[in-house]
>>> print(open('input26.cif').read())   # mmCIF, C-alpha atoms; chains and numbers go by the auth columns
data_target
#
loop_
_atom_site.group_PDB
_atom_site.id
_atom_site.type_symbol
_atom_site.label_atom_id
_atom_site.label_comp_id
_atom_site.label_asym_id
_atom_site.label_seq_id
_atom_site.Cartn_x
_atom_site.Cartn_y
_atom_site.Cartn_z
_atom_site.B_iso_or_equiv
_atom_site.auth_seq_id
_atom_site.auth_asym_id
ATOM 1 C CA MET A 1 82.702 102.363 173.089 0.00 1 A
ATOM 2 C CA LEU A 2 85.124 103.826 175.603 0.00 2 A
ATOM 3 C CA PHE A 3 82.560 103.357 178.378 0.00 3 A
ATOM 4 C CA LEU A 4 82.183 99.660 177.503 0.00 4 A
ATOM 5 C CA PHE A 5 85.950 99.218 177.572 0.00 5 A
ATOM 6 C CA ALA A 6 86.134 100.949 180.973 0.00 6 A
ATOM 7 C CA VAL A 7 83.393 98.726 182.409 0.00 7 A
ATOM 8 C CA MET A 8 85.118 95.568 181.138 0.00 8 A
ATOM 9 C CA TYR A 9 88.477 96.788 182.468 0.00 9 A
ATOM 10 C CA PHE A 10 87.097 97.510 185.932 0.00 10 A
ATOM 11 C CA ASP A 11 85.278 94.171 186.006 0.00 11 A
ATOM 12 C CA GLU A 12 88.561 92.395 185.266 0.00 12 A
ATOM 13 C CA LEU A 13 90.340 94.418 187.950 0.00 13 A
ATOM 14 C CA SER A 14 87.598 93.662 190.450 0.00 14 A
ATOM 15 C CA GLU A 15 87.894 89.945 189.729 0.00 15 A
ATOM 16 C CA ALA A 16 91.684 90.085 190.062 0.00 16 A
ATOM 17 C CA PHE A 17 91.437 91.913 193.400 0.00 17 A
ATOM 18 C CA GLU A 18 88.901 89.389 194.662 0.00 18 A
ATOM 19 C CA ASP A 19 91.156 86.467 193.672 0.00 19 A
ATOM 20 C CA LEU A 20 94.089 88.142 195.372 0.00 20 A
ATOM 21 C CA SER A 21 92.041 88.764 198.511 0.00 21 A
ATOM 22 C CA ASN A 22 90.967 85.125 198.735 0.00 22 A
ATOM 23 C CA ILE A 23 94.490 83.830 198.319 0.00 23 A
ATOM 24 C CA ALA A 24 95.921 86.379 200.768 0.00 24 A
ATOM 25 C CA GLY A 25 93.418 85.232 203.396 0.00 25 A
ATOM 26 C CA ARG A 26 94.445 81.619 202.956 0.00 26 A
ATOM 27 C CA VAL A 27 98.127 82.537 203.058 0.00 27 A
ATOM 28 C CA VAL A 28 97.755 84.265 206.398 0.00 28 A
ATOM 29 C CA GLU A 29 96.026 81.220 207.878 0.00 29 A
ATOM 30 C CA SER A 30 98.378 78.603 206.531 0.00 30 A
ATOM 31 C CA GLU A 31 101.743 80.386 206.775 0.00 31 A
ATOM 32 C CA LYS A 32 101.861 80.091 210.551 0.00 32 A
ATOM 33 C CA ASN A 33 101.075 76.362 210.417 0.00 33 A
ATOM 34 C CA LEU A 34 103.653 75.757 207.707 0.00 34 A
ATOM 35 C CA ALA A 35 106.320 77.675 209.644 0.00 35 A
ATOM 36 C CA ASN A 36 105.647 75.592 212.754 0.00 36 A
ATOM 37 C CA GLN A 37 105.843 72.348 210.767 0.00 37 A
ATOM 38 C CA LEU A 38 109.096 73.376 209.109 0.00 38 A
ATOM 39 C CA LYS A 39 110.593 74.389 212.452 0.00 39 A
ATOM 40 C CA GLN A 40 109.711 71.026 213.979 0.00 40 A
ATOM 41 C CA ARG A 41 111.210 69.188 211.007 0.00 41 A
ATOM 42 C CA GLU A 42 114.407 71.229 211.126 0.00 42 A
ATOM 43 C CA GLU A 43 114.746 70.581 214.853 0.00 43 A
ATOM 44 C CA LEU A 44 114.255 66.863 214.304 0.00 44 A
ATOM 45 C CA MET A 45 116.740 66.725 211.410 0.00 45 A
ATOM 46 C CA ALA A 46 119.326 68.629 213.441 0.00 46 A
ATOM 47 C CA GLU A 47 118.819 66.234 216.333 0.00 47 A
ATOM 48 C CA LEU A 48 119.101 63.171 214.078 0.00 48 A
ATOM 49 C CA ASP A 49 122.241 64.579 212.432 0.00 49 A
ATOM 50 C CA ASP A 50 123.634 65.533 215.841 0.00 50 A
ATOM 51 C CA VAL A 51 123.940 69.172 214.803 0.00 51 A
ATOM 52 C CA GLU A 52 123.419 71.959 217.294 0.00 52 A
ATOM 53 C CA LEU A 53 121.287 74.814 215.996 0.00 53 A
ATOM 54 C CA ASP A 54 120.544 77.867 218.072 0.00 54 A
ATOM 55 C CA GLU A 55 117.167 79.574 217.788 0.00 55 A
ATOM 56 C CA GLU A 56 118.493 82.259 215.437 0.00 56 A
ATOM 57 C CA GLU A 57 119.873 79.712 212.963 0.00 57 A
ATOM 58 C CA LEU A 58 116.668 77.725 213.150 0.00 58 A
ATOM 59 C CA GLU A 59 114.517 80.794 212.443 0.00 59 A
ATOM 60 C CA ALA A 60 116.771 81.821 209.543 0.00 60 A
ATOM 61 C CA THR A 61 116.474 78.358 208.011 0.00 61 A
ATOM 62 C CA VAL A 62 112.692 78.334 208.378 0.00 62 A
ATOM 63 C CA GLU A 63 112.411 81.821 206.838 0.00 63 A
ATOM 64 C CA LEU A 64 114.560 80.728 203.907 0.00 64 A
ATOM 65 C CA LEU A 65 112.323 77.706 203.335 0.00 65 A
ATOM 66 C CA MET A 66 109.184 79.832 203.675 0.00 66 A
ATOM 67 C CA LYS A 67 110.230 82.046 200.750 0.00 67 A
ATOM 68 C CA SER A 68 109.438 79.194 198.383 0.00 68 A
ATOM 69 C CA SER A 69 106.257 78.036 200.085 0.00 69 A
ATOM 70 C CA PRO A 70 103.368 77.151 197.760 0.00 70 A
ATOM 71 C CA ASN A 71 101.239 79.806 199.442 0.00 71 A
ATOM 72 C CA ARG A 72 103.680 82.587 198.674 0.00 72 A
ATOM 73 C CA ILE A 73 104.098 81.368 195.112 0.00 73 A
ATOM 74 C CA LYS A 74 100.317 81.509 194.617 0.00 74 A
ATOM 75 C CA LEU A 75 100.202 84.968 196.149 0.00 75 A
ATOM 76 C CA ASN A 76 103.006 86.254 193.913 0.00 76 A
ATOM 77 C CA THR A 77 101.326 84.719 190.861 0.00 77 A
ATOM 78 C CA GLU A 78 98.062 86.500 191.661 0.00 78 A
ATOM 79 C CA LEU A 79 99.928 89.764 192.236 0.00 79 A
ATOM 80 C CA ASP A 80 101.581 89.386 188.834 0.00 80 A
ATOM 81 C CA LYS A 81 98.181 88.784 187.229 0.00 81 A
ATOM 82 C CA LEU A 82 96.771 91.872 188.910 0.00 82 A
ATOM 83 C CA TYR A 83 99.719 94.025 187.816 0.00 83 A
ATOM 84 C CA SER A 84 99.419 92.843 184.233 0.00 84 A
ATOM 85 C CA LYS A 85 95.683 93.650 184.203 0.00 85 A
ATOM 86 C CA MET A 86 96.362 97.072 185.691 0.00 86 A
ATOM 87 C CA ARG A 87 98.817 97.823 182.905 0.00 87 A
ATOM 88 C CA GLY A 88 96.145 96.917 180.411 0.00 88 A
#
>>> encode(input="input26.cif", output="structure tokens")
Amino acid sequence: MLFLFAVMYFDELSEAFEDLSNIAGRVVESEKNLANQLKQREELMAELDDVELDEEELEATVELLMKSSPNRIKLNTELDKLYSKMRG
């Protein structure tokens, strides 16, 4: 009985790690594109509002926006799922 439980547990962990790996791969690919898009939008909005932003302020704004990106939310959700499965 214990062996069956262990096999099921490791199968669930394997699936969770695979899901996390897939999402992490997509995050790496899309984060750079999203950051570039956000930077361009922030530059355009600053120009339209006639606000001068230096590169440091622009990067800080983009990083703040990136914290709530859909990719990072998916990644954190999958990490939470993995942690909960690891706890049993």
>>> resolve_selection(input="input26.cif", expression="the PyMOL selection byres ((chain A and resi 81-85) around 10)", output="list in words")
Tyr9, Phe10, Glu12, Leu13, Ser14, Glu15, Ala16, Phe17, Asp19, Leu20, Leu75, Asn76, Thr77, Glu78, Leu79, Asp80, Met86, Arg87 and Gly88 of chain A
>>> resolve_selection(input="input26.cif", expression="the PyMOL selection byres ((chain A and resi 56-69) around 8)", output="list in words")
Leu34, Ala35, Leu38, Lys39, Glu42, Glu43, Leu53, Asp54, Glu55, Pro70, Asn71, Arg72 and Ile73 of chain A
>>> closest_residue(input="input26.cif", among="A:Leu44, A:Val28, A:Ile23, A:Val51", to="Lys74 in chain A", atoms="all atoms listed in the file")
A:Ile23
